[in-house]
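J.: I have a structure here, written as structure tokens, and I will follow up with some questions on it.
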Amino acid sequence: MARGVPRGGAAVPVVSLPLLGEVCASERGVMPPRAPETARGGGRMVDSHGRTIRDLRISITDRCNFRCVYCMEPDVQFAAAANLLSVEEIVRVARVAETLGVRKIRLTGGEPTLHPALGEIIARIRRATRVEIALITNASVLTREKLRAWKAAGLRRVTVSIDSLRADRFARMTRPGAGVTPETVLAGVEMCLAEGLKPLKLNVVLIRGFNEDEAADLAALARRWAVEVRFIEYMPLDSAHAWDAGKWVSAAETRAAIEGRFALVACGDDDPASTSRTFVFADGTPGRVGFIAPVSTPFCGACSRLRLTADGMVRPCLFSTAEWDLRGVMRGGASDAEVAGFLIDATWTKQAGHGIAGPGFEQPARPMSAIGG
Ligand code: SAM
Ligand code: SF4
């Protein structure tokens, strides 16, 4: 059960579901309702609140070699291989989405670098589109050769997730495969930088009782490499449905902890559609610190994102409790125009906000790893 809300509301019980890789029947929609003809005729993915989709997150696998405590439990069940999108299907959605205005595609998961055809996916999206291709990874299996090949294929940006610099905590938080340590991840970051995959970002999730006292140490990585370190508030998207306000660390608390060591100055140049509020170091040292605060400061108003799960469901929002079966539509022989219409219709259903802190919030059945973060 997830419980607790951060801003003083009543505890919200959430029913957990046994099968985590698959979505439950009530959450899966087959076809989204048809959007109004004005939206359909515009050739863009616009929702009923006037927001336009520019950014598509594609989960290319729900598998991972980590079991981060805030993401997936050791016994998480993955979708059947036959239900995962093929390379062909992933590239097709990317191509159609670009015609509807998508300018950036982030390949995610699960752990996208475990996908055996990642290089081919990047190369084929590059050939089919002009979108910016980004990747988010736990950096546990990177090599210079792989990064060079992915960059040559068209990869432009990498985000690396790292939650602790201390080996024992890293192991407790991420439950990684044998031999993976914080040094593995730090070496992965250095490989990305050496291969010119810049600007690089680091993602951190702080969980009370695990790593909340490492905020300044992790922020110091921004100074070490002149990169951006982004602190993401822990969201109720864990497969255990064990989120509670007691484990949650606010962006404000994180910022105060960092400012105890490094004074920060707001950049003031954040894109309104960006999820991050960014700061530079007051002493002029290069590097930036970002705060992504979906729980304490929801940024839904300017959201420009749409998500495609590894098993081919379109999720209008991370916190959607409805998702739409694009895989079934594609495998049913839909034309590109029909796939485009489906994406427009699905976008129209995007909710105004996720309401995490509100009464009646319902945690989606599927964890972040299945949705694609
Ligand atoms: N495996 C890759 C990784 O960890 O970078 C990509 C997928 S992971 C789901 C994408 C991002 O989601 C990571 O930065 C991870 O820290 C974040 N994430 C996962 N579960 C989360 C949660 N419950 N709350 C906040 N962020 C979460
Ligand atoms: Fe794997 Fe990323 Fe989830 Fe951690 S956050 S379990 S690395 S998908």
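The way I read the labels, and the way they are meant: chains A, B, ... in the order of the structure tokens, residue 1 as the first residue of every chain, and ligand 1 as the first ligand shown, with later ones counted on from there.
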Report as a PyMOL selection string all protein, DNA and RNA residues lying within 9 Å of Pro286 (chain A), evaluated on only C-alpha atoms, omitting residues in the same chain fewer than 5 positions from it.
T.: chain A and resi 222-227+280-281
J.: Please produce a file of the residues just selected, as a compact mmCIF listing (two decimals), in the first residue's frame, where the atoms kept are C-alpha atoms.
T.:
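And here's part16.txt as it stands now:
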```txt
# COMPACT_ATOMS: atom_id res chain seq x y z
CA ALA A 222 28.12 18.95 -11.22
CA ARG A 223 31.22 20.94 -10.30
CA ARG A 224 33.58 18.05 -10.98
CA TRP A 225 32.45 17.62 -14.59
CA ALA A 226 30.63 20.90 -15.37
CA VAL A 227 27.42 18.96 -15.92
CA VAL A 280 24.29 27.67 -11.03
CA PHE A 281 26.97 27.89 -8.37
```
J.: Using only C-alpha atoms and all ligand atoms, which residues of the polymer chains come no farther than 8 Å from ligand 2? I'd like the answer as number ranges by chain.
T.: A: 62-72, 109-111, 137-138, 161, 174, 368-369, 372-373
J.: Grab the residues selected above and save them as a CSV table (one decimal), in the first residue's frame with N, CA and C atoms.
T.:
```
chain,number,residue,atom,x,y,z
A,62,ASP,N,11.2,-3.2,-20.7
A,62,ASP,CA,10.9,-3.1,-19.3
A,62,ASP,C,11.9,-3.8,-18.4
A,63,ARG,N,12.9,-4.5,-19.0
A,63,ARG,CA,13.9,-5.2,-18.2
A,63,ARG,C,14.9,-4.3,-17.6
A,64,CYS,N,15.5,-4.7,-16.5
A,64,CYS,CA,16.6,-4.0,-15.9
A,64,CYS,C,17.4,-4.9,-15.1
A,65,ASN,N,18.7,-4.5,-15.0
A,65,ASN,CA,19.7,-5.3,-14.2
A,65,ASN,C,19.7,-4.7,-12.8
A,66,PHE,N,19.1,-3.6,-12.5
A,66,PHE,CA,19.0,-3.1,-11.2
A,66,PHE,C,17.6,-3.3,-10.6
A,67,ARG,N,17.4,-3.2,-9.3
A,67,ARG,CA,16.1,-3.2,-8.7
A,67,ARG,C,16.0,-2.1,-7.7
A,68,CYS,N,16.1,-0.8,-8.2
A,68,CYS,CA,16.1,0.3,-7.4
A,68,CYS,C,14.9,0.3,-6.4
A,69,VAL,N,15.1,0.6,-5.2
A,69,VAL,CA,14.0,0.5,-4.2
A,69,VAL,C,12.8,1.3,-4.5
A,70,TYR,N,13.0,2.4,-5.2
A,70,TYR,CA,11.9,3.3,-5.5
A,70,TYR,C,11.3,3.0,-6.9
A,71,CYS,N,11.7,1.9,-7.5
A,71,CYS,CA,11.3,1.6,-8.9
A,71,CYS,C,10.7,0.2,-9.0
A,72,MET,N,11.6,-0.8,-8.8
A,72,MET,CA,11.1,-2.2,-8.9
A,72,MET,C,11.6,-3.1,-7.9
A,109,GLY,N,13.6,3.1,-20.3
A,109,GLY,CA,13.1,1.7,-19.9
A,109,GLY,C,12.5,1.7,-18.6
A,110,GLY,N,12.7,0.6,-17.9
A,110,GLY,CA,13.7,-0.4,-17.9
A,110,GLY,C,15.1,0.2,-18.2
A,111,GLU,N,16.0,-0.7,-18.5
A,111,GLU,CA,17.4,-0.2,-18.8
A,111,GLU,C,17.6,-0.3,-20.3
A,137,THR,N,20.1,6.2,-18.8
A,137,THR,CA,20.7,4.9,-18.4
A,137,THR,C,21.2,4.9,-17.0
A,138,ASN,N,21.3,3.7,-16.5
A,138,ASN,CA,22.0,3.5,-15.2
A,138,ASN,C,23.5,3.4,-15.3
A,161,SER,N,21.7,8.0,-14.4
A,161,SER,CA,21.1,8.0,-13.0
A,161,SER,C,22.1,7.5,-12.0
A,174,THR,N,20.1,0.2,-5.1
A,174,THR,CA,19.9,-0.2,-6.5
A,174,THR,C,19.8,-1.7,-6.7
A,368,MET,N,7.4,2.8,-12.7
A,368,MET,CA,8.2,3.7,-13.6
A,368,MET,C,8.9,2.8,-14.7
A,369,SER,N,9.5,1.7,-14.3
A,369,SER,CA,10.2,0.9,-15.2
A,369,SER,C,9.4,0.4,-16.4
A,372,GLY,N,8.3,3.8,-18.4
A,372,GLY,CA,9.4,4.5,-19.1
A,372,GLY,C,9.5,5.9,-18.5
A,373,GLY,N,10.6,6.1,-17.7
A,373,GLY,CA,10.8,7.4,-17.0
A,373,GLY,C,11.5,8.4,-17.9
```
J.: Which parts of region 213-338 of chain A does DSSP call helix (DSSP H, G or I) when run on the backbone here, written out as an NGL selection string?
T.: :A and (213-225 or 251-259 or 300-302 or 326-331 or 336-338)
J.: Can those selected residues be exported to a file as an mmCIF file, in the first residue's frame so that it contains C-alpha atoms?
T.:
```cif
data_model
loop_
_atom_site.group_PDB
_atom_site.id
_atom_site.type_symbol
_atom_site.label_atom_id
_atom_site.label_comp_id
_atom_site.auth_asym_id
_atom_site.auth_seq_id
_atom_site.Cartn_x
_atom_site.Cartn_y
_atom_site.Cartn_z
ATOM 1 C CA ASP A 213 22.298 13.081 3.424
ATOM 2 C CA GLU A 214 24.226 12.800 0.123
ATOM 3 C CA ALA A 215 22.607 15.769 -1.634
ATOM 4 C CA ALA A 216 25.685 18.007 -1.446
ATOM 5 C CA ASP A 217 28.104 15.171 -2.330
ATOM 6 C CA LEU A 218 26.052 14.347 -5.406
ATOM 7 C CA ALA A 219 25.671 18.041 -6.320
ATOM 8 C CA ALA A 220 29.468 18.260 -6.202
ATOM 9 C CA LEU A 221 29.536 15.986 -9.276
ATOM 10 C CA ALA A 222 28.118 18.946 -11.221
ATOM 11 C CA ARG A 223 31.224 20.937 -10.302
ATOM 12 C CA ARG A 224 33.578 18.052 -10.980
ATOM 13 C CA TRP A 225 32.445 17.619 -14.585
ATOM 14 C CA ALA A 251 13.182 19.735 -3.495
ATOM 15 C CA ALA A 252 13.237 22.549 -0.919
ATOM 16 C CA GLU A 253 14.930 20.355 1.676
ATOM 17 C CA THR A 254 17.396 19.070 -0.921
ATOM 18 C CA ARG A 255 18.244 22.579 -2.042
ATOM 19 C CA ALA A 256 18.781 23.726 1.542
ATOM 20 C CA ALA A 257 21.142 20.791 2.129
ATOM 21 C CA ILE A 258 23.144 21.646 -0.989
ATOM 22 C CA GLU A 259 23.241 25.340 -0.091
ATOM 23 C CA CYS A 300 1.816 19.779 -15.362
ATOM 24 C CA GLY A 301 0.639 23.099 -16.798
ATOM 25 C CA ALA A 302 3.364 23.240 -19.423
ATOM 26 C CA LEU A 326 -1.169 1.378 -29.981
ATOM 27 C CA ARG A 327 0.538 -2.002 -30.354
ATOM 28 C CA GLY A 328 -2.802 -3.680 -31.032
ATOM 29 C CA VAL A 329 -3.718 -1.008 -33.537
ATOM 30 C CA MET A 330 -0.400 -1.321 -35.391
ATOM 31 C CA ARG A 331 -0.536 -5.110 -35.374
ATOM 32 C CA ASP A 336 0.301 5.650 -40.803
ATOM 33 C CA ALA A 337 -2.643 8.059 -40.991
ATOM 34 C CA GLU A 338 -4.549 5.858 -38.551
#
```
J.: Using only C-alpha atoms and all ligand atoms, which of the listed residues (A:Ala352, A:Leu114, A:Val30, A:Ala178) sits closest to ligand 1?
T.: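 Among the listed residues, the smallest separation from ligand 1 belongs to A:Leu114.
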J.: What does the distance between CA of Arg366 (chain A) and CA of Ser239 (chain A) come to in Å, to one decimal place?
T.: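 Value for the CA of Arg366 (chain A)-CA of Ser239 (chain A) distance: 6.6 Å.
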J.: Return the single residue from A:Cys267, A:Leu135, A:Val229, A:Ala293 that is closest to Thr159 (chain A), with distances computed using only C-alpha atoms.
T.: A:Leu135
J.: Restricting the calculation to only C-alpha atoms, which member of A:Val158, A:Ala263, A:Ala322, A:Ala117 is positioned closest to Ala365 (chain A)?
T.: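 Between A:Val158, A:Ala263, A:Ala322, A:Ala117, the residue approaching Ala365 (chain A) most closely is A:Ala322.
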J.: With distances taken over only C-alpha atoms and all ligand atoms, which of A:Cys303, A:Ile58, A:Leu186, A:Ala334 is nearest to ligand 1?
T.: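 Looking only at the distances to ligand 1, the closest residue turns out to be A:Ile58.
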J.: Between A:Val339, A:Ala153, A:Ala139, A:Met191, which one has atoms that come closest to ligand 1, using only C-alpha atoms and all ligand atoms?
T.: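 That would be A:Ala139, the residue with the smallest distance to ligand 1.
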J.: If DSSP is run on the backbone, what residues of region 152-365 of chain A are strand (DSSP E)? A reply as a PyMOL selection string would be ideal.
T.: chain A and resi 155-161+201-205+228-232+264-266+276-281+288-292+305-308+313-315+323-325
J.: For CA of Val160 (chain A) and CA of Val131 (chain A), quote the distance in Å rounded to one decimal.
T.: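 Those two atoms sit 20.4 Å apart.
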J.: Find the residues around Trp348 (chain A) up to 6 Å (only C-alpha atoms counted), leave out those fewer than 2 positions away in its own chain, and share them as a VMD selection string.
T.: chain A and resid 35 47 to 48 345 to 346 350
J.: Let's have the selection written as a PDB file, in the first residue's frame, with C-alpha atoms.
T.:
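Okay, selection_5.pdb is ready:
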```pdb
ATOM      1  CA  ALA A  35     -10.732  13.798 -30.406  1.00  0.00           C
ATOM      2  CA  ASP A  47      -4.583  17.944 -25.541  1.00  0.00           C
ATOM      3  CA  SER A  48      -7.911  19.234 -24.326  1.00  0.00           C
ATOM      4  CA  ASP A 345      -6.849  10.999 -29.903  1.00  0.00           C
ATOM      5  CA  ALA A 346      -4.674   9.604 -27.093  1.00  0.00           C
ATOM      6  CA  LYS A 350      -4.178  13.838 -21.269  1.00  0.00           C
TER       7      LYS A 350
END
```
J.: Considering only C-alpha atoms and all ligand atoms, can you say which of A:Arg106, A:Arg156, A:Arg95, A:Arg127 comes closest to ligand 1?
T.: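 Answer, going by the shortest atom-to-atom distance: A:Arg106.
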J.: CA of Phe262 (chain A) and CA of Phe231 (chain A), how far apart in Å?
T.: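 Computing it gives 15.1 Å between the two atoms.
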J.: List the spatial neighbours of region 99-102 of chain A as a list in words - criterion: any atom at most 10 Å away, only C-alpha atoms, same-chain residues fewer than 3 positions off excluded.
T.: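 So, after excluding close chain neighbours, the residues are Gly42, Gly43, Arg44, Met45, Val46, Thr52, Ile53, Arg54, Asp55, Leu56, Ala94, Arg95, Val96, Ile105, Thr129, Arg130, Val131, Glu132, Ser304, Arg305, Leu306, Ala340, Gly341, Leu343 and Ile344 of chain A.
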J.: Just N, CA and C atoms for this one: save the residues we selected as an mmCIF file, in the first residue's frame.
T.:
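Full text of part04.cif as output:
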```
data_model
loop_
_atom_site.group_PDB
_atom_site.id
_atom_site.type_symbol
_atom_site.label_atom_id
_atom_site.label_comp_id
_atom_site.auth_asym_id
_atom_site.auth_seq_id
_atom_site.Cartn_x
_atom_site.Cartn_y
_atom_site.Cartn_z
ATOM 1 N N GLY A 42 -5.685 19.407 -37.051
ATOM 2 C CA GLY A 42 -4.548 20.305 -36.876
ATOM 3 C C GLY A 42 -3.204 19.686 -37.182
ATOM 4 N N GLY A 43 -3.149 18.358 -37.284
ATOM 5 C CA GLY A 43 -1.877 17.710 -37.600
ATOM 6 C C GLY A 43 -0.867 17.786 -36.471
ATOM 7 N N ARG A 44 -1.326 18.086 -35.276
ATOM 8 C CA ARG A 44 -0.451 18.168 -34.106
ATOM 9 C C ARG A 44 -1.092 17.394 -32.974
ATOM 10 N N MET A 45 -0.288 16.983 -32.001
ATOM 11 C CA MET A 45 -0.842 16.319 -30.822
ATOM 12 C C MET A 45 -1.095 17.390 -29.766
ATOM 13 N N VAL A 46 -2.339 17.796 -29.666
ATOM 14 C CA VAL A 46 -2.735 18.840 -28.723
ATOM 15 C C VAL A 46 -3.753 18.240 -27.767
ATOM 16 N N THR A 52 0.709 21.178 -26.270
ATOM 17 C CA THR A 52 1.155 20.500 -27.482
ATOM 18 C C THR A 52 2.314 19.564 -27.152
ATOM 19 N N ILE A 53 2.273 18.364 -27.700
ATOM 20 C CA ILE A 53 3.322 17.369 -27.443
ATOM 21 C C ILE A 53 4.518 17.601 -28.373
ATOM 22 N N ARG A 54 5.704 17.740 -27.758
ATOM 23 C CA ARG A 54 6.955 17.903 -28.521
ATOM 24 C C ARG A 54 7.965 16.823 -28.161
ATOM 25 N N ASP A 55 7.700 16.137 -27.057
ATOM 26 C CA ASP A 55 8.705 15.279 -26.445
ATOM 27 C C ASP A 55 8.094 13.892 -26.236
ATOM 28 N N LEU A 56 8.674 12.890 -26.878
ATOM 29 C CA LEU A 56 8.143 11.529 -26.746
ATOM 30 C C LEU A 56 9.157 10.668 -26.002
ATOM 31 N N ALA A 94 8.067 6.548 -33.894
ATOM 32 C CA ALA A 94 8.921 7.744 -33.894
ATOM 33 C C ALA A 94 8.688 8.568 -35.160
ATOM 34 N N ARG A 95 8.611 7.876 -36.285
ATOM 35 C CA ARG A 95 8.457 8.566 -37.573
ATOM 36 C C ARG A 95 7.108 9.284 -37.644
ATOM 37 N N VAL A 96 6.060 8.600 -37.236
ATOM 38 C CA VAL A 96 4.728 9.225 -37.291
ATOM 39 C C VAL A 96 4.656 10.378 -36.282
ATOM 40 N N ILE A 105 13.118 12.686 -28.836
ATOM 41 C CA ILE A 105 12.722 11.349 -28.391
ATOM 42 C C ILE A 105 13.749 10.867 -27.380
ATOM 43 N N THR A 129 13.955 10.189 -39.189
ATOM 44 C CA THR A 129 13.491 11.476 -38.639
ATOM 45 C C THR A 129 14.675 12.429 -38.456
ATOM 46 N N ARG A 130 14.327 13.647 -38.038
ATOM 47 C CA ARG A 130 15.357 14.625 -37.662
ATOM 48 C C ARG A 130 15.261 14.975 -36.179
ATOM 49 N N VAL A 131 14.543 14.168 -35.399
ATOM 50 C CA VAL A 131 14.369 14.473 -33.974
ATOM 51 C C VAL A 131 15.696 14.341 -33.227
ATOM 52 N N GLU A 132 15.791 15.041 -32.095
ATOM 53 C CA GLU A 132 16.948 14.852 -31.222
ATOM 54 C C GLU A 132 16.745 13.539 -30.467
ATOM 55 N N SER A 304 4.806 18.876 -22.106
ATOM 56 C CA SER A 304 4.818 18.644 -23.552
ATOM 57 C C SER A 304 5.180 17.191 -23.869
ATOM 58 N N ARG A 305 4.964 16.303 -22.893
ATOM 59 C CA ARG A 305 5.440 14.921 -23.024
ATOM 60 C C ARG A 305 4.308 13.904 -23.229
ATOM 61 N N LEU A 306 4.673 12.884 -23.984
ATOM 62 C CA LEU A 306 3.803 11.723 -24.162
ATOM 63 C C LEU A 306 4.702 10.505 -24.015
ATOM 64 N N ALA A 340 -1.388 8.036 -36.707
ATOM 65 C CA ALA A 340 -1.349 9.463 -36.355
ATOM 66 C C ALA A 340 -2.647 9.881 -35.673
ATOM 67 N N GLY A 341 -3.765 9.447 -36.220
ATOM 68 C CA GLY A 341 -5.063 9.776 -35.611
ATOM 69 C C GLY A 341 -5.158 9.223 -34.196
ATOM 70 N N LEU A 343 -2.644 8.699 -32.147
ATOM 71 C CA LEU A 343 -1.794 9.508 -31.252
ATOM 72 C C LEU A 343 -2.477 10.833 -30.900
ATOM 73 N N ILE A 344 -3.156 11.424 -31.867
ATOM 74 C CA ILE A 344 -3.879 12.678 -31.596
ATOM 75 C C ILE A 344 -5.004 12.416 -30.592
#
```
J.: Give me the residues within 7 Å of Phe170 (chain A) as a short mmCIF file (atom, residue, chain, number, x, y, z; two decimals) with N, CA and C atoms, in the first residue's frame, counting only C-alpha atoms and dropping any in the same chain fewer than 5 places off.
T.:
```cif
data_model
loop_
_atom_site.label_atom_id
_atom_site.label_comp_id
_atom_site.auth_asym_id
_atom_site.auth_seq_id
_atom_site.Cartn_x
_atom_site.Cartn_y
_atom_site.Cartn_z
N ASP A 163 22.44 7.46 -7.54
CA ASP A 163 21.77 7.84 -6.30
C ASP A 163 22.67 7.84 -5.08
N SER A 164 23.83 7.22 -5.19
CA SER A 164 24.73 7.22 -4.03
C SER A 164 26.16 7.04 -4.49
N LEU A 165 27.06 7.67 -3.75
CA LEU A 165 28.49 7.51 -4.02
C LEU A 165 29.14 6.51 -3.07
N THR A 181 29.23 -1.01 -9.02
CA THR A 181 29.43 -0.12 -7.87
C THR A 181 29.25 1.33 -8.34
N PRO A 182 29.28 2.28 -7.39
CA PRO A 182 29.23 3.68 -7.85
C PRO A 182 30.35 4.00 -8.83
#
```
J.: With only C-alpha atoms as the counted atoms, please give the residues lying no more than 9 Å from Ser250 (chain A), apart from itself and same-chain residues fewer than 4 positions off, as number ranges by chain.
T.: A: 6, 206, 232-234, 254-255, 293, 295-296
J.: Can you tell me which residues surround region 309-321 of chain A at a distance of at most 6 Å, considering only C-alpha atoms, apart from same-chain residues fewer than 2 positions away, and format the answer as a list of chain:residue names?
T.: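 After dropping sequence-adjacent residues, the list is A:Glu27, A:Ser59, A:Ile60, A:Thr61, A:Asp62, A:Asn83, A:Leu84, A:Leu85, A:Leu306, A:Arg307, A:Glu323, A:Trp324, A:Asp325, A:Leu326, A:Arg327, A:Thr347, A:Lys350, A:His354, A:Pro364, A:Ile371.
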